[in-house]
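Below is model_2.pdb, which holds PDB, C-alpha atoms.
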```
ATOM      1  CA  MET A1282      68.540 173.995  52.939  1.00  0.00           C
ATOM      2  CA  ALA A1283      68.229 170.213  52.858  1.00  0.00           C
ATOM      3  CA  ALA A1284      70.532 170.090  49.848  1.00  0.00           C
ATOM      4  CA  MET A1285      73.070 172.264  51.605  1.00  0.00           C
ATOM      5  CA  SER A1286      72.866 170.083  54.701  1.00  0.00           C
ATOM      6  CA  ASP A1287      73.513 166.961  52.648  1.00  0.00           C
ATOM      7  CA  GLU A1288      76.406 168.658  50.883  1.00  0.00           C
ATOM      8  CA  SER A1289      77.989 169.737  54.157  1.00  0.00           C
ATOM      9  CA  ARG A1290      77.817 166.174  55.471  1.00  0.00           C
ATOM     10  CA  LYS A1291      79.698 164.908  52.409  1.00  0.00           C
ATOM     11  CA  LYS A1292      82.548 167.374  52.809  1.00  0.00           C
ATOM     12  CA  THR A1293      85.505 166.109  54.807  1.00  0.00           C
ATOM     13  CA  THR A1294      88.778 167.487  55.988  1.00  0.00           C
ATOM     14  CA  PRO A1295      92.041 165.531  56.433  1.00  0.00           C
ATOM     15  CA  ASP A1296      92.154 166.093  60.189  1.00  0.00           C
ATOM     16  CA  ASP A1297      88.512 165.282  60.839  1.00  0.00           C
ATOM     17  CA  ASP A1298      88.598 162.285  63.213  1.00  0.00           C
ATOM     18  CA  ARG A1299      85.005 161.481  62.344  1.00  0.00           C
ATOM     19  CA  ASN A1300      86.308 159.797  59.198  1.00  0.00           C
ATOM     20  CA  LEU A1301      88.285 157.193  61.136  1.00  0.00           C
ATOM     21  CA  VAL A1302      85.239 154.989  61.730  1.00  0.00           C
ATOM     22  CA  ILE A1303      82.386 154.251  59.368  1.00  0.00           C
ATOM     23  CA  VAL A1304      79.213 155.303  61.153  1.00  0.00           C
ATOM     24  CA  ASP A1305      75.513 155.159  60.652  1.00  0.00           C
ATOM     25  CA  GLU A1306      73.572 158.248  59.684  1.00  0.00           C
ATOM     26  CA  ASP A1307      72.524 158.710  63.306  1.00  0.00           C
ATOM     27  CA  PHE A1308      76.201 159.009  64.337  1.00  0.00           C
ATOM     28  CA  ALA A1309      77.227 161.513  61.698  1.00  0.00           C
ATOM     29  CA  HIS A1310      77.795 164.165  64.357  1.00  0.00           C
ATOM     30  CA  ALA A1311      78.909 161.865  67.207  1.00  0.00           C
ATOM     31  CA  ASP A1312      81.838 162.857  69.395  1.00  0.00           C
ATOM     32  CA  SER A1313      85.077 160.857  69.811  1.00  0.00           C
ATOM     33  CA  GLU A1314      83.817 158.774  72.733  1.00  0.00           C
ATOM     34  CA  ASP A1315      80.730 157.709  70.796  1.00  0.00           C
ATOM     35  CA  ARG A1316      82.824 156.774  67.795  1.00  0.00           C
ATOM     36  CA  LEU A1317      85.233 154.778  69.971  1.00  0.00           C
ATOM     37  CA  TRP A1318      82.293 152.929  71.491  1.00  0.00           C
ATOM     38  CA  LEU A1319      80.899 152.217  68.023  1.00  0.00           C
ATOM     39  CA  PHE A1320      84.293 150.963  66.826  1.00  0.00           C
ATOM     40  CA  TRP A1321      84.484 148.613  69.819  1.00  0.00           C
ATOM     41  CA  GLU A1322      80.953 147.325  69.252  1.00  0.00           C
ATOM     42  CA  ARG A1323      81.676 146.532  65.629  1.00  0.00           C
ATOM     43  CA  ASN A1324      85.187 145.029  66.093  1.00  0.00           C
ATOM     44  CA  ARG A1325      85.338 143.640  69.605  1.00  0.00           C
ATOM     45  CA  GLU A1326      85.212 139.995  68.524  1.00  0.00           C
ATOM     46  CA  ARG A1327      88.118 140.524  66.151  1.00  0.00           C
ATOM     47  CA  ILE A1328      90.106 142.456  68.762  1.00  0.00           C
ATOM     48  CA  ILE A1329      89.463 139.875  71.472  1.00  0.00           C
ATOM     49  CA  GLY A1330      90.334 137.036  69.089  1.00  0.00           C
ATOM     50  CA  SER A1331      93.615 138.648  68.035  1.00  0.00           C
ATOM     51  CA  THR A1332      94.594 139.429  71.621  1.00  0.00           C
ATOM     52  CA  LEU A1333      93.759 135.903  72.713  1.00  0.00           C
ATOM     53  CA  ALA A1334      95.813 134.431  69.853  1.00  0.00           C
ATOM     54  CA  ILE A1335      98.838 136.522  70.843  1.00  0.00           C
ATOM     55  CA  PHE A1336      98.427 135.514  74.490  1.00  0.00           C
ATOM     56  CA  ILE A1337      98.161 131.819  73.626  1.00  0.00           C
ATOM     57  CA  GLY A1338     101.222 132.115  71.372  1.00  0.00           C
ATOM     58  CA  LEU A1339     103.281 133.646  74.178  1.00  0.00           C
ATOM     59  CA  VAL A1340     102.151 131.002  76.646  1.00  0.00           C
ATOM     60  CA  CYS A1341     103.114 128.245  74.194  1.00  0.00           C
ATOM     61  CA  TRP A1342     106.505 129.841  73.537  1.00  0.00           C
ATOM     62  CA  PHE A1343     107.309 130.060  77.245  1.00  0.00           C
ATOM     63  CA  ALA A1344     106.085 126.504  77.770  1.00  0.00           C
ATOM     64  CA  VAL A1345     108.288 125.143  74.978  1.00  0.00           C
ATOM     65  CA  ASP A1346     111.287 127.115  76.233  1.00  0.00           C
ATOM     66  CA  ALA A1347     110.786 125.781  79.760  1.00  0.00           C
ATOM     67  CA  TRP A1348     110.429 122.248  78.407  1.00  0.00           C
ATOM     68  CA  LEU A1349     113.665 122.577  76.417  1.00  0.00           C
ATOM     69  CA  ASP A1350     115.472 123.850  79.514  1.00  0.00           C
ATOM     70  CA  SER A1351     114.251 120.868  81.495  1.00  0.00           C
ATOM     71  CA  GLN A1352     115.342 118.524  78.692  1.00  0.00           C
ATOM     72  CA  ARG A1353     118.822 120.057  78.604  1.00  0.00           C
ATOM     73  CA  GLU A1354     119.130 119.807  82.367  1.00  0.00           C
ATOM     74  CA  ALA A1355     118.024 116.176  82.290  1.00  0.00           C
ATOM     75  CA  LEU A1356     120.594 115.494  79.561  1.00  0.00           C
ATOM     76  CA  ARG A1357     123.369 117.076  81.633  1.00  0.00           C
ATOM     77  CA  GLU A1358     122.385 115.033  84.665  1.00  0.00           C
ATOM     78  CA  GLU A1359     122.332 111.837  82.626  1.00  0.00           C
ATOM     79  CA  TYR A1360     125.770 112.619  81.192  1.00  0.00           C
ATOM     80  CA  ALA A1361     127.178 113.380  84.646  1.00  0.00           C
ATOM     81  CA  SER A1362     126.021 109.967  85.857  1.00  0.00           C
ATOM     82  CA  LEU A1363     127.994 108.043  83.207  1.00  0.00           C
ATOM     83  CA  LYS A1364     130.558 105.713  84.761  1.00  0.00           C
ATOM     84  CA  ASP A1365     132.181 103.768  81.921  1.00  0.00           C
ATOM     85  CA  ASP A1366     132.698 103.632  78.166  1.00  0.00           C
ATOM     86  CA  ALA A1367     129.726 101.336  77.663  1.00  0.00           C
ATOM     87  CA  GLY A1368     127.491 103.917  79.293  1.00  0.00           C
ATOM     88  CA  ARG A1369     129.032 106.716  77.235  1.00  0.00           C
ATOM     89  CA  ALA A1370     128.488 104.793  74.007  1.00  0.00           C
ATOM     90  CA  ALA A1371     124.862 104.078  74.937  1.00  0.00           C
ATOM     91  CA  PHE A1372     124.327 107.730  75.869  1.00  0.00           C
ATOM     92  CA  ALA A1373     125.705 108.911  72.517  1.00  0.00           C
ATOM     93  CA  SER A1374     123.536 106.427  70.648  1.00  0.00           C
ATOM     94  CA  ALA A1375     120.429 107.577  72.507  1.00  0.00           C
ATOM     95  CA  HIS A1376     121.078 111.292  71.907  1.00  0.00           C
ATOM     96  CA  PRO A1377     122.445 111.783  68.375  1.00  0.00           C
ATOM     97  CA  GLY A1378     123.457 115.304  67.414  1.00  0.00           C
ATOM     98  CA  GLU A1379     123.883 116.484  70.996  1.00  0.00           C
ATOM     99  CA  THR A1380     127.110 118.177  72.041  1.00  0.00           C
ATOM    100  CA  LEU A1381     127.445 115.942  75.089  1.00  0.00           C
ATOM    101  CA  SER A1382     127.075 112.857  72.900  1.00  0.00           C
ATOM    102  CA  VAL A1383     130.133 113.824  70.863  1.00  0.00           C
ATOM    103  CA  VAL A1384     131.981 114.715  74.072  1.00  0.00           C
ATOM    104  CA  ALA A1385     131.189 111.254  75.451  1.00  0.00           C
ATOM    105  CA  LEU A1386     132.551 109.594  72.311  1.00  0.00           C
ATOM    106  CA  LEU A1387     135.692 111.726  72.450  1.00  0.00           C
ATOM    107  CA  GLU A1388     136.183 110.672  76.056  1.00  0.00           C
ATOM    108  CA  ILE A1389     136.105 107.056  74.929  1.00  0.00           C
ATOM    109  CA  ALA A1390     138.687 107.720  72.202  1.00  0.00           C
ATOM    110  CA  ASP A1391     140.917 109.821  74.471  1.00  0.00           C
ATOM    111  CA  GLY A1392     140.818 107.115  77.117  1.00  0.00           C
ATOM    112  CA  LEU A1393     141.979 104.513  74.622  1.00  0.00           C
ATOM    113  CA  HIS A1394     144.732 106.807  73.374  1.00  0.00           C
ATOM    114  CA  GLU A1395     145.988 107.601  76.868  1.00  0.00           C
ATOM    115  CA  ALA A1396     146.035 103.894  77.685  1.00  0.00           C
ATOM    116  CA  GLY A1397     148.200 103.224  74.637  1.00  0.00           C
ATOM    117  CA  LYS A1398     145.442 101.307  72.882  1.00  0.00           C
ATOM    118  CA  PRO A1399     144.319 101.714  69.249  1.00  0.00           C
ATOM    119  CA  SER A1400     142.032 104.739  69.138  1.00  0.00           C
ATOM    120  CA  LEU A1401     141.757 105.694  65.467  1.00  0.00           C
ATOM    121  CA  ALA A1402     138.431 103.921  64.980  1.00  0.00           C
ATOM    122  CA  ALA A1403     137.015 105.511  68.134  1.00  0.00           C
ATOM    123  CA  TYR A1404     137.951 108.987  66.896  1.00  0.00           C
ATOM    124  CA  ASP A1405     136.320 108.184  63.568  1.00  0.00           C
ATOM    125  CA  VAL A1406     133.125 107.256  65.412  1.00  0.00           C
ATOM    126  CA  ALA A1407     133.151 110.616  67.215  1.00  0.00           C
ATOM    127  CA  ALA A1408     133.779 112.493  63.961  1.00  0.00           C
ATOM    128  CA  THR A1409     130.915 110.681  62.261  1.00  0.00           C
ATOM    129  CA  ALA A1410     128.598 111.440  65.178  1.00  0.00           C
ATOM    130  CA  ALA A1411     129.359 115.154  64.810  1.00  0.00           C
ATOM    131  CA  GLU A1412     128.070 115.076  61.233  1.00  0.00           C
ATOM    132  CA  SER A1413     124.523 114.598  62.525  1.00  0.00           C
ATOM    133  CA  ALA A1414     124.486 118.241  63.677  1.00  0.00           C
ATOM    134  CA  PRO A1415     125.947 120.191  60.726  1.00  0.00           C
ATOM    135  CA  ASN A1416     124.620 123.561  61.922  1.00  0.00           C
ATOM    136  CA  ASP A1417     125.889 123.338  65.493  1.00  0.00           C
ATOM    137  CA  LYS A1418     129.274 125.088  65.603  1.00  0.00           C
ATOM    138  CA  THR A1419     130.275 123.511  68.902  1.00  0.00           C
ATOM    139  CA  VAL A1420     129.524 120.018  67.660  1.00  0.00           C
ATOM    140  CA  GLN A1421     131.367 120.717  64.416  1.00  0.00           C
ATOM    141  CA  SER A1422     134.452 121.924  66.294  1.00  0.00           C
ATOM    142  CA  LEU A1423     134.419 118.707  68.310  1.00  0.00           C
ATOM    143  CA  GLY A1424     134.104 116.775  65.069  1.00  0.00           C
ATOM    144  CA  TRP A1425     137.193 118.479  63.636  1.00  0.00           C
ATOM    145  CA  ARG A1426     139.061 117.723  66.833  1.00  0.00           C
ATOM    146  CA  ALA A1427     138.172 114.050  66.409  1.00  0.00           C
ATOM    147  CA  ARG A1428     139.299 114.128  62.763  1.00  0.00           C
ATOM    148  CA  LEU A1429     142.639 115.686  63.694  1.00  0.00           C
ATOM    149  CA  TYR A1430     143.362 113.100  66.370  1.00  0.00           C
ATOM    150  CA  ALA A1431     142.314 110.298  64.029  1.00  0.00           C
ATOM    151  CA  ALA A1432     144.635 111.698  61.353  1.00  0.00           C
ATOM    152  CA  LEU A1433     147.539 111.894  63.803  1.00  0.00           C
ATOM    153  CA  GLN A1434     146.909 108.306  64.852  1.00  0.00           C
ATOM    154  CA  ALA A1435     146.813 107.276  61.197  1.00  0.00           C
ATOM    155  CA  GLN A1436     150.134 109.027  60.565  1.00  0.00           C
ATOM    156  CA  GLU A1437     151.707 107.369  63.586  1.00  0.00           C
ATOM    157  CA  ALA A1438     150.489 103.977  62.402  1.00  0.00           C
ATOM    158  CA  GLY A1439     151.739 104.604  58.860  1.00  0.00           C
ATOM    159  CA  ALA A1440     148.254 104.319  57.393  1.00  0.00           C
ATOM    160  CA  PRO A1441     148.085 105.009  53.636  1.00  0.00           C
ATOM    161  CA  ASP A1442     145.312 107.579  54.100  1.00  0.00           C
ATOM    162  CA  ALA A1443     147.157 109.587  56.766  1.00  0.00           C
ATOM    163  CA  ILE A1444     148.133 112.422  54.408  1.00  0.00           C
ATOM    164  CA  ALA A1445     144.595 112.689  53.065  1.00  0.00           C
ATOM    165  CA  ARG A1446     143.202 112.806  56.598  1.00  0.00           C
ATOM    166  CA  LEU A1447     145.631 115.511  57.702  1.00  0.00           C
ATOM    167  CA  THR A1448     145.124 117.508  54.517  1.00  0.00           C
ATOM    168  CA  ARG A1449     141.369 117.524  55.058  1.00  0.00           C
ATOM    169  CA  VAL A1450     141.854 119.220  58.415  1.00  0.00           C
ATOM    170  CA  ALA A1451     144.705 121.500  57.317  1.00  0.00           C
ATOM    171  CA  GLU A1452     142.899 122.885  54.276  1.00  0.00           C
ATOM    172  CA  SER A1453     139.404 123.055  55.717  1.00  0.00           C
ATOM    173  CA  THR A1454     137.744 126.459  55.699  1.00  0.00           C
ATOM    174  CA  THR A1455     135.524 125.538  58.642  1.00  0.00           C
ATOM    175  CA  ALA A1456     137.947 123.782  60.982  1.00  0.00           C
ATOM    176  CA  PRO A1457     139.254 125.989  63.823  1.00  0.00           C
ATOM    177  CA  ASP A1458     142.776 127.366  63.350  1.00  0.00           C
ATOM    178  CA  ALA A1459     143.699 125.707  66.644  1.00  0.00           C
ATOM    179  CA  LEU A1460     143.296 122.369  64.857  1.00  0.00           C
ATOM    180  CA  ARG A1461     144.568 123.334  61.422  1.00  0.00           C
ATOM    181  CA  GLY A1462     147.947 124.407  62.827  1.00  0.00           C
ATOM    182  CA  PRO A1463     148.871 120.990  64.258  1.00  0.00           C
ATOM    183  CA  ALA A1464     147.674 119.341  61.044  1.00  0.00           C
ATOM    184  CA  LEU A1465     149.966 121.553  58.944  1.00  0.00           C
ATOM    185  CA  LEU A1466     152.915 120.822  61.228  1.00  0.00           C
ATOM    186  CA  ALA A1467     152.225 117.095  61.050  1.00  0.00           C
ATOM    187  CA  LEU A1468     152.126 117.253  57.257  1.00  0.00           C
ATOM    188  CA  ALA A1469     155.456 119.099  57.216  1.00  0.00           C
ATOM    189  CA  ARG A1470     157.027 116.528  59.538  1.00  0.00           C
ATOM    190  CA  GLY A1471     155.654 113.716  57.403  1.00  0.00           C
ATOM    191  CA  ALA A1472     157.150 115.260  54.276  1.00  0.00           C
ATOM    192  CA  ILE A1473     160.542 115.633  55.995  1.00  0.00           C
ATOM    193  CA  ALA A1474     160.426 111.978  57.013  1.00  0.00           C
ATOM    194  CA  LYS A1475     160.152 111.154  53.302  1.00  0.00           C
ATOM    195  CA  SER A1476     162.891 113.672  52.399  1.00  0.00           C
ATOM    196  CA  ASP A1477     160.329 115.669  50.434  1.00  0.00           C
ATOM    197  CA  TYR A1478     161.617 119.077  51.491  1.00  0.00           C
ATOM    198  CA  THR A1479     159.715 120.963  48.819  1.00  0.00           C
ATOM    199  CA  ALA A1480     156.418 119.662  50.194  1.00  0.00           C
ATOM    200  CA  ALA A1481     157.583 120.363  53.741  1.00  0.00           C
ATOM    201  CA  ARG A1482     158.367 123.988  52.894  1.00  0.00           C
ATOM    202  CA  ASN A1483     155.002 124.348  51.189  1.00  0.00           C
ATOM    203  CA  TRP A1484     153.171 123.167  54.295  1.00  0.00           C
ATOM    204  CA  LEU A1485     155.218 125.458  56.537  1.00  0.00           C
ATOM    205  CA  ASP A1486     154.591 128.398  54.219  1.00  0.00           C
ATOM    206  CA  LYS A1487     150.880 127.669  54.340  1.00  0.00           C
ATOM    207  CA  MET A1488     150.985 128.077  58.088  1.00  0.00           C
ATOM    208  CA  ASP A1489     152.028 131.704  57.646  1.00  0.00           C
ATOM    209  CA  ARG A1490     149.622 132.396  54.796  1.00  0.00           C
ATOM    210  CA  GLN A1491     146.562 130.769  56.313  1.00  0.00           C
ATOM    211  CA  LEU A1492     147.107 131.250  60.042  1.00  0.00           C
ATOM    212  CA  GLY A1493     148.886 134.612  60.042  1.00  0.00           C
ATOM    213  CA  PRO A1494     152.475 135.526  60.933  1.00  0.00           C
ATOM    214  CA  ASN A1495     151.905 135.336  64.690  1.00  0.00           C
ATOM    215  CA  HIS A1496     150.220 131.952  64.918  1.00  0.00           C
ATOM    216  CA  PRO A1497     150.700 129.943  68.153  1.00  0.00           C
ATOM    217  CA  TRP A1498     152.899 127.346  66.448  1.00  0.00           C
ATOM    218  CA  ARG A1499     155.578 129.820  65.388  1.00  0.00           C
ATOM    219  CA  GLU A1500     158.169 128.363  67.774  1.00  0.00           C
ATOM    220  CA  ASP A1501     157.439 124.796  66.671  1.00  0.00           C
ATOM    221  CA  GLN A1502     157.711 125.912  63.074  1.00  0.00           C
ATOM    222  CA  ARG A1503     161.067 127.607  63.653  1.00  0.00           C
ATOM    223  CA  ALA A1504     162.392 124.636  65.613  1.00  0.00           C
ATOM    224  CA  LEU A1505     161.461 122.329  62.750  1.00  0.00           C
ATOM    225  CA  ILE A1506     163.213 124.555  60.207  1.00  0.00           C
ATOM    226  CA  SER A1507     166.306 124.841  62.405  1.00  0.00           C
ATOM    227  CA  SER A1508     166.489 121.087  62.879  1.00  0.00           C
ATOM    228  CA  GLU A1509     166.502 120.397  59.160  1.00  0.00           C
ATOM    229  CA  PRO A1510     169.174 122.232  57.100  1.00  0.00           C
ATOM    230  CA  SER A1511     167.324 121.559  53.854  1.00  0.00           C
ATOM    231  CA  LEU A1512     164.455 123.762  55.046  1.00  0.00           C
ATOM    232  CA  ARG A1513     166.585 126.821  55.720  1.00  0.00           C
ATOM    233  CA  PRO A1514     166.257 129.765  53.315  1.00  0.00           C
ATOM    234  CA  SER A1515     169.817 129.388  52.003  1.00  0.00           C
ATOM    235  CA  ALA A1516     169.196 125.741  51.176  1.00  0.00           C
ATOM    236  CA  ALA A1517     165.940 126.620  49.446  1.00  0.00           C
ATOM    237  CA  ARG A1518     167.699 129.176  47.222  1.00  0.00           C
ATOM    238  CA  GLY A1519     170.356 126.644  46.281  1.00  0.00           C
ATOM    239  CA  GLN A1520     167.837 124.095  45.067  1.00  0.00           C
TER     240      GLN A1520
END
```

Reformat the file's structure so that it appears as structure tokens.
Amino acid sequence: MAAMSDESRKKTTPDDDRNLVIVDEDFAHADSEDRLWLFWERNRERIIGSTLAIFIGLVCWFAVDAWLDSQREALREEYASLKDDAGRAAFASAHPGETLSVVALLEIADGLHEAGKPSLAAYDVAATAAESAPNDKTVQSLGWRARLYAALQAQEAGAPDAIARLTRVAESTTAPDALRGPALLALARGAIAKSDYTAARNWLDKMDRQLGPNHPWREDQRALISSEPSLRPSAARGQ
């Protein structure tokens, strides 16, 4: 009988919940509540430790998130208090890589441009500042805006690197289309000014290929073609 009793204790079935917890010999026939109590007694320190670690992690996450919110709010308040270009430049220097820092530098450049003063260097400063946050799409868009305006200023001033500057924006795969369009138009106008109609047509064709047939500069493109007979389709076929 003893042998049979031992044999019966060794037999298990897949749905026997007594196998879920390793028990002492005295608990071989314990019910579910006893087994749950035994599991708690043997693992409570591990369970409490894991729960506490999760709780501490959540508290830290919320604390960091709240701190970041307060930092962003403080940054916005500091930016709103800026009164002049010197303050904007100091703000940008103190907060590299921040969106508002690039905005402040663009405000300096735009102010110079609107006042009819040389602004190319100021736009270059803003574009360079944007490079400190390569993974921030907003900052990068502002950087491309600065590069476009710098390129347009270079073209207006007859700078030797104007075409290279405009081409960088026009052929970029990351610059917004809203900035690539004006760059392509400027390149076409520059080519016309040099009587290089083949290059002008190439730039205008790129507008359709890269920006789509219904791009926002369609009317400007058509007006440019209409104003220059050498760009019309009949003239192109005759060349």

Problem - Expansion of the PyMOL selection byres ((chain A and resi 1482) around 12) into residues, as a PyMOL selection string - result: chain A and resi 1465-1466+1468-1473+1476-1481+1483-1489+1502-1503+1505-1506+1509-1514+1516-1517

Handout entry: CA of Ala1464 in chain A to CA of Lys1398 in chain A, distance in Å rounded to a single decimal
Key = 21.7 Å

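Comparing A:Arg1357, A:His1376, A:Lys1475, A:Arg1490 by their smallest distance to Ser1413 in chain A, the closest is A:His1376 (using all atoms listed in the file).
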
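The nearest approach to Gln1434 in chain A among the residues A:Ile1329, A:Val1383, A:Leu1492, A:Ala1403, with all atoms listed in the file taken into account, belongs to A:Ala1403.
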
Practice task
Tell me, as a ChimeraX atom specification, which residues lie within 9 Å of Ser1422 in chain A, counting only C-alpha atoms; anything in the same chain fewer than 2 positions away does not count.
Solution key: /A:1411,1417-1420,1424-1427,1455-1457,1460

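Here CA of Val1384 in chain A is placed at a distance of 29.6 Å from CA of Gly1493 in chain A.
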
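Relative to CA of Phe1372 in chain A, CA of Leu1429 in chain A is found at 23.4 Å.
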
Exercise for the section: Fewer than 6 positions away in the same chain doesn't count, so skip those; otherwise give me all residues within 9 Å of Tyr1360 in chain A, counting all atoms listed in the file, as a PyMOL selection string. Expected result: chain A and resi 1369+1372+1381-1382+1385

Handout entry: Residue among A:Ala1355, A:Ala1373, A:Leu1447, A:Ala1467 lying closest to Thr1409 in chain A, counting only C-alpha atoms
Key = A:Ala1373

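Comparing the minimum interatomic distances between Ser1374 in chain A and each of A:Leu1356, A:Ala1504, A:Gly1439, A:Leu1386, counting only C-alpha atoms, we find that A:Leu1386 sits nearest.
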
Exercise for the section: Using only C-alpha atoms, give me every residue within 12 Å of (138.5, 104.3, 77.3) in file coordinates, as an NGL selection string. Expected result: :A and (1364-1370 or 1385-1400 or 1403-1404)

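Using only C-alpha atoms, the smallest distance between any of A:Ala1474, A:Leu1433, A:Leu1319, A:Pro1497 and Ala1459 in chain A comes from A:Pro1497.
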